[in-house]
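Chemist: Mind having a look at this structure? Questions to follow.
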Amino acid sequence: MKIKYWLMISYFIVMLLPVAALYVLYVSISSLDQKQDFLEYMDITKRLSDLEPKLEKQSLYAIQPVTNYKAVDKLANKSTKISLYRPDGVMVYTSLSDPAVRLYQENTENLYKNLNEIEKHYRTYTVKKPVLHDGQIIGIYEVTFGRKEWIKGVNNRYLLLGSLFTVFFLLVYFIVVVLLNRKLNRPLQHLRQEMTAFAKGQAFPKHYRISKDEIGELLSHFRKMKQQVDQTQQELAKQQKEKEYIVAALSHDLKTPLTVIRAYSEALQNENTLTNQEKGEYKEILFEKLEYMKQMLDDLSMYTSLQSSQQKIELVEVDGEEFFDMLLSGYEEPCCKKGINLTVQQSVEGLYKVDAKQIIRIIDNIMGNAIRHTEAGSHIWLGGFSSSVPLPEWIFPPFIKEVNKWRKDGTVILIQNQGKAISAEQQDSIFEPFVQAEGARGLGGSSGLGLSIAKMLIEKHGGTIKLWSASGFGTLVACWIKERGYEG
């Protein structure tokens, strides 16, 4: 239950308690009144009938000394009060102890009101009756009977209800305190403990059951926030390790070309010992190593830029057939230079939203790896295919089934080469920075970031990249991108 509803119900119960107690008291007193009314009426009627003969004497209603009323005094007691009046309202006798009340003149209108009626009050019953002689009123007596039993019963009920009310109040108070501790204090204390443990970097058991109220939602949000912070910290730690690894790998990879550049530069300084042919060869090597170092720095800059959340690519709409004709061209010369046979094939249609420059960089990086790991006389296949056309026949048999399943609802760019297979262990990490296939670092010309950059760029296009490799066949790298189709 939500805390706000629980509090509303609690307040309602606490506010209703006094009203309920008053209602029970009223019903109880009414019930007592009904039971006692008849008994009291019968008792008063009997007592009044015993008093009437003694109070109807004519001599009592003349002004006379108090000593003449001793017989009447005996009739009165603590629960019975007697007052005698003349017809004009003068009180000739009263059982009250204060003598100053005697000879008090009552208002005749009040005196004659409710004659011969039994008036019931909270503490008393009052009866006023006239005394007649020859049809004339010669006096009026008023008898007041105390409701001792009724008052005693009411007091007992007050005591009983007061006790019950106290017990009920203490019970409600105890229940509210227990529920308050369960609904508020205990969850808040647990939340505070979790927050303190989190602030100190300590583990905290999560066996505590989360309630479905506002504090439960707060605790759930805190745990999600903690999980996100933990993931962020883990990601930061991972990035820090990557940076440390990048620095170490970059230092190692730059060391070799720098050593070569230094050695050949020193040799060129002594021109007298070198032939013109050697000088030309040395300069060509220097330019090659400088280009390699420039490529490494460019890749590092691109990798760092792509890791930034602010780095965005600019997508433009292109025609698939024209774009893929341009994308897959230009690789004949580097393949021919190394003696590699190249097959290019594309069957793409529709519209695509891409950053053309970055897609070209993806294919350049993958083709650069393929050319570097393919020996002279071997073959490289390059192609692009929409989801509506079948895969080419040149895909190695071990890959066809998986590629067909993976390419669903998207266009694939395939780069396949004959060469040494990549082990299953290396396939899982080949797209990580500075991870190269076994023996690849000694080949030169690679920064170790090419496939990592390709993966990051293709994912920014909403696509994905995957690698298959099998011994006796070679390696296939495939990029998957979304299709848009033609829009009228």
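Convention: chains lettered A, B, ... in structure tokens order; per-chain residue numbering from 1; ligands numbered from 1 as shown.
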Determine, using only C-alpha atoms, which residues of segment 88-172 of chain A have any atom at most 7 Å from an atom of segment 55-71 of chain A, and tabulate each with its shortest atom pair and distance in Å to one decimal place, rows ordered by chain and then rising number, as a Markdown table.
Modeler:
| residue | atom | partner | partner_atom | distance |
| --- | --- | --- | --- | --- |
| A:Val92 | CA | A:Ile63 | CA | 5.7 |
| A:Val131 | CA | A:Glu56 | CA | 5.7 |
| A:Gly139 | CA | A:Tyr61 | CA | 5.7 |
Chemist: Which residues are close to Phe396 of chain A, i.e. within 9 Å by only C-alpha atoms, leaving aside same-chain residues fewer than 2 positions away? Reply as a PyMOL selection string.
Modeler: chain A and resi 393-394+398-400+416+470+473-476
Chemist: Those same residues, written as a JSON list (two decimals), in the first residue's frame with C-alpha atoms?
Modeler:
[["chain", "number", "residue", "atom", "x", "y", "z"],
["A", 393, "GLU", "CA", 28.85, -18.55, -54.60],
["A", 394, "TRP", "CA", 32.42, -17.62, -53.61],
["A", 398, "PRO", "CA", 31.61, -23.20, -43.55],
["A", 399, "PHE", "CA", 30.27, -19.62, -43.41],
["A", 400, "ILE", "CA", 27.25, -19.68, -45.75],
["A", 416, "GLN", "CA", 36.89, -12.52, -47.76],
["A", 470, "ALA", "CA", 38.21, -21.41, -40.67],
["A", 473, "PHE", "CA", 39.78, -21.67, -46.09],
["A", 474, "GLY", "CA", 40.53, -18.21, -44.73],
["A", 475, "THR", "CA", 38.70, -15.31, -43.13],
["A", 476, "LEU", "CA", 35.47, -13.46, -43.89]]
Chemist: Going by DSSP on the backbone, which residues of segment 197-229 of chain A come out as alpha helix (DSSP H)? List them as a PyMOL selection string.
Modeler: chain A and resi 197-199+214-229
Chemist: How about saving the chosen residues, N, CA and C atoms kept, as a PDB file, in the first residue's frame?
Modeler:
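Contents of result17.pdb, as written:
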ATOM      1  N   ALA A 197      26.903   2.533   3.040  1.00  0.00           N
ATOM      2  CA  ALA A 197      27.798   1.503   2.516  1.00  0.00           C
ATOM      3  C   ALA A 197      28.281   1.857   1.111  1.00  0.00           C
ATOM      4  N   PHE A 198      27.369   2.395   0.290  1.00  0.00           N
ATOM      5  CA  PHE A 198      27.747   2.793  -1.069  1.00  0.00           C
ATOM      6  C   PHE A 198      28.760   3.934  -1.049  1.00  0.00           C
ATOM      7  N   ALA A 199      28.542   4.902  -0.134  1.00  0.00           N
ATOM      8  CA  ALA A 199      29.469   6.031  -0.033  1.00  0.00           C
ATOM      9  C   ALA A 199      30.861   5.585   0.396  1.00  0.00           C
ATOM     10  N   GLU A 214       6.147   4.379  -1.726  1.00  0.00           N
ATOM     11  CA  GLU A 214       7.060   5.427  -2.198  1.00  0.00           C
ATOM     12  C   GLU A 214       8.509   5.166  -1.766  1.00  0.00           C
ATOM     13  N   ILE A 215       8.688   4.665  -0.534  1.00  0.00           N
ATOM     14  CA  ILE A 215      10.057   4.390  -0.073  1.00  0.00           C
ATOM     15  C   ILE A 215      10.638   3.215  -0.845  1.00  0.00           C
ATOM     16  N   GLY A 216       9.787   2.221  -1.153  1.00  0.00           N
ATOM     17  CA  GLY A 216      10.242   1.111  -1.988  1.00  0.00           C
ATOM     18  C   GLY A 216      10.697   1.582  -3.354  1.00  0.00           C
ATOM     19  N   GLU A 217       9.928   2.523  -3.939  1.00  0.00           N
ATOM     20  CA  GLU A 217      10.326   3.088  -5.231  1.00  0.00           C
ATOM     21  C   GLU A 217      11.639   3.856  -5.105  1.00  0.00           C
ATOM     22  N   LEU A 218      11.789   4.596  -3.983  1.00  0.00           N
ATOM     23  CA  LEU A 218      13.018   5.338  -3.757  1.00  0.00           C
ATOM     24  C   LEU A 218      14.207   4.393  -3.630  1.00  0.00           C
ATOM     25  N   LEU A 219      14.030   3.294  -2.879  1.00  0.00           N
ATOM     26  CA  LEU A 219      15.101   2.319  -2.716  1.00  0.00           C
ATOM     27  C   LEU A 219      15.427   1.643  -4.045  1.00  0.00           C
ATOM     28  N   SER A 220      14.388   1.348  -4.824  1.00  0.00           N
ATOM     29  CA  SER A 220      14.600   0.731  -6.137  1.00  0.00           C
ATOM     30  C   SER A 220      15.369   1.670  -7.058  1.00  0.00           C
ATOM     31  N   HIS A 221      14.975   2.968  -7.053  1.00  0.00           N
ATOM     32  CA  HIS A 221      15.693   3.945  -7.881  1.00  0.00           C
ATOM     33  C   HIS A 221      17.141   4.094  -7.412  1.00  0.00           C
ATOM     34  N   PHE A 222      17.361   4.042  -6.087  1.00  0.00           N
ATOM     35  CA  PHE A 222      18.731   4.162  -5.572  1.00  0.00           C
ATOM     36  C   PHE A 222      19.572   2.984  -6.039  1.00  0.00           C
ATOM     37  N   ARG A 223      18.996   1.782  -5.991  1.00  0.00           N
ATOM     38  CA  ARG A 223      19.750   0.610  -6.426  1.00  0.00           C
ATOM     39  C   ARG A 223      20.069   0.674  -7.919  1.00  0.00           C
ATOM     40  N   LYS A 224      19.100   1.170  -8.710  1.00  0.00           N
ATOM     41  CA  LYS A 224      19.364   1.339 -10.140  1.00  0.00           C
ATOM     42  C   LYS A 224      20.458   2.377 -10.358  1.00  0.00           C
ATOM     43  N   MET A 225      20.374   3.482  -9.592  1.00  0.00           N
ATOM     44  CA  MET A 225      21.417   4.507  -9.698  1.00  0.00           C
ATOM     45  C   MET A 225      22.775   3.941  -9.295  1.00  0.00           C
ATOM     46  N   LYS A 226      22.793   3.151  -8.219  1.00  0.00           N
ATOM     47  CA  LYS A 226      24.039   2.538  -7.761  1.00  0.00           C
ATOM     48  C   LYS A 226      24.590   1.606  -8.834  1.00  0.00           C
ATOM     49  N   GLN A 227      23.684   0.838  -9.457  1.00  0.00           N
ATOM     50  CA  GLN A 227      24.116  -0.067 -10.512  1.00  0.00           C
ATOM     51  C   GLN A 227      24.701   0.710 -11.694  1.00  0.00           C
ATOM     52  N   GLN A 228      24.045   1.828 -12.042  1.00  0.00           N
ATOM     53  CA  GLN A 228      24.559   2.650 -13.137  1.00  0.00           C
ATOM     54  C   GLN A 228      25.910   3.261 -12.787  1.00  0.00           C
ATOM     55  N   VAL A 229      26.033   3.727 -11.530  1.00  0.00           N
ATOM     56  CA  VAL A 229      27.320   4.287 -11.096  1.00  0.00           C
ATOM     57  C   VAL A 229      28.402   3.213 -11.123  1.00  0.00           C
TER      58      VAL A 229
END
Chemist: For segment 335-338 of chain A, find every residue with an atom within 10 Å (counting only C-alpha atoms), except residues of its own chain fewer than 3 positions away, and show them as an mmCIF file with N, CA and C atoms, in the first residue's frame.
Modeler:
data_model
loop_
_atom_site.group_PDB
_atom_site.id
_atom_site.type_symbol
_atom_site.label_atom_id
_atom_site.label_comp_id
_atom_site.auth_asym_id
_atom_site.auth_seq_id
_atom_site.Cartn_x
_atom_site.Cartn_y
_atom_site.Cartn_z
ATOM 1 N N GLY A 330 38.810 0.784 -56.578
ATOM 2 C CA GLY A 330 40.085 1.368 -56.160
ATOM 3 C C GLY A 330 41.017 0.427 -55.444
ATOM 4 N N TYR A 331 40.666 -0.858 -55.330
ATOM 5 C CA TYR A 331 41.527 -1.795 -54.600
ATOM 6 C C TYR A 331 42.299 -2.734 -55.557
ATOM 7 N N GLU A 332 42.094 -2.562 -56.860
ATOM 8 C CA GLU A 332 42.785 -3.421 -57.826
ATOM 9 C C GLU A 332 44.298 -3.178 -57.803
ATOM 10 N N ASN A 341 44.927 -11.894 -56.364
ATOM 11 C CA ASN A 341 43.777 -11.907 -57.268
ATOM 12 C C ASN A 341 42.563 -11.315 -56.542
ATOM 13 N N LEU A 342 41.907 -10.358 -57.164
ATOM 14 C CA LEU A 342 40.767 -9.665 -56.546
ATOM 15 C C LEU A 342 39.507 -9.861 -57.369
ATOM 16 N N MET A 367 39.960 -3.884 -45.809
ATOM 17 C CA MET A 367 40.714 -4.322 -46.988
ATOM 18 C C MET A 367 42.223 -4.242 -46.735
ATOM 19 N N GLY A 368 42.652 -3.212 -45.978
ATOM 20 C CA GLY A 368 44.073 -3.115 -45.653
ATOM 21 C C GLY A 368 44.541 -4.335 -44.877
ATOM 22 N N ALA A 370 43.054 -7.305 -44.961
ATOM 23 C CA ALA A 370 42.953 -8.466 -45.844
ATOM 24 C C ALA A 370 44.169 -8.546 -46.771
ATOM 25 N N ILE A 371 44.565 -7.433 -47.365
ATOM 26 C CA ILE A 371 45.726 -7.415 -48.270
ATOM 27 C C ILE A 371 47.001 -7.773 -47.511
ATOM 28 N N ARG A 372 47.131 -7.250 -46.283
ATOM 29 C CA ARG A 372 48.342 -7.478 -45.503
ATOM 30 C C ARG A 372 48.485 -8.947 -45.103
ATOM 31 N N THR A 374 47.168 -11.577 -46.818
ATOM 32 C CA THR A 374 46.998 -12.477 -47.962
ATOM 33 C C THR A 374 48.308 -12.553 -48.743
ATOM 34 N N GLU A 375 48.769 -13.764 -48.994
ATOM 35 C CA GLU A 375 50.032 -13.961 -49.706
ATOM 36 C C GLU A 375 49.818 -13.837 -51.208
ATOM 37 N N ALA A 376 50.915 -13.588 -51.915
ATOM 38 C CA ALA A 376 50.877 -13.462 -53.380
ATOM 39 C C ALA A 376 50.355 -14.759 -53.983
ATOM 40 N N GLY A 377 49.515 -14.629 -54.997
ATOM 41 C CA GLY A 377 48.931 -15.786 -55.650
ATOM 42 C C GLY A 377 47.623 -16.223 -55.040
ATOM 43 N N SER A 378 47.258 -15.690 -53.848
ATOM 44 C CA SER A 378 45.992 -16.036 -53.205
ATOM 45 C C SER A 378 44.883 -15.087 -53.679
ATOM 46 N N HIS A 379 43.702 -15.234 -53.107
ATOM 47 C CA HIS A 379 42.538 -14.531 -53.623
ATOM 48 C C HIS A 379 41.857 -13.707 -52.509
ATOM 49 N N ILE A 380 41.300 -12.554 -52.922
ATOM 50 C CA ILE A 380 40.450 -11.717 -52.071
ATOM 51 C C ILE A 380 39.149 -11.458 -52.809
#
Chemist: If we count only C-alpha atoms and set the cut-off at 7 Å, which residues sit around segment 160-173 of chain A, ignoring sequence neighbours fewer than 4 positions away in its own chain? Please answer as a ChimeraX atom specification.
Modeler: /A:21,25,156,177
Chemist: By how many Å are atom CA of Lys81 of chain A and atom CA of Ile140 of chain A apart?
Modeler: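 Separation between atom CA of Lys81 of chain A and atom CA of Ile140 of chain A: 14.1 Å.
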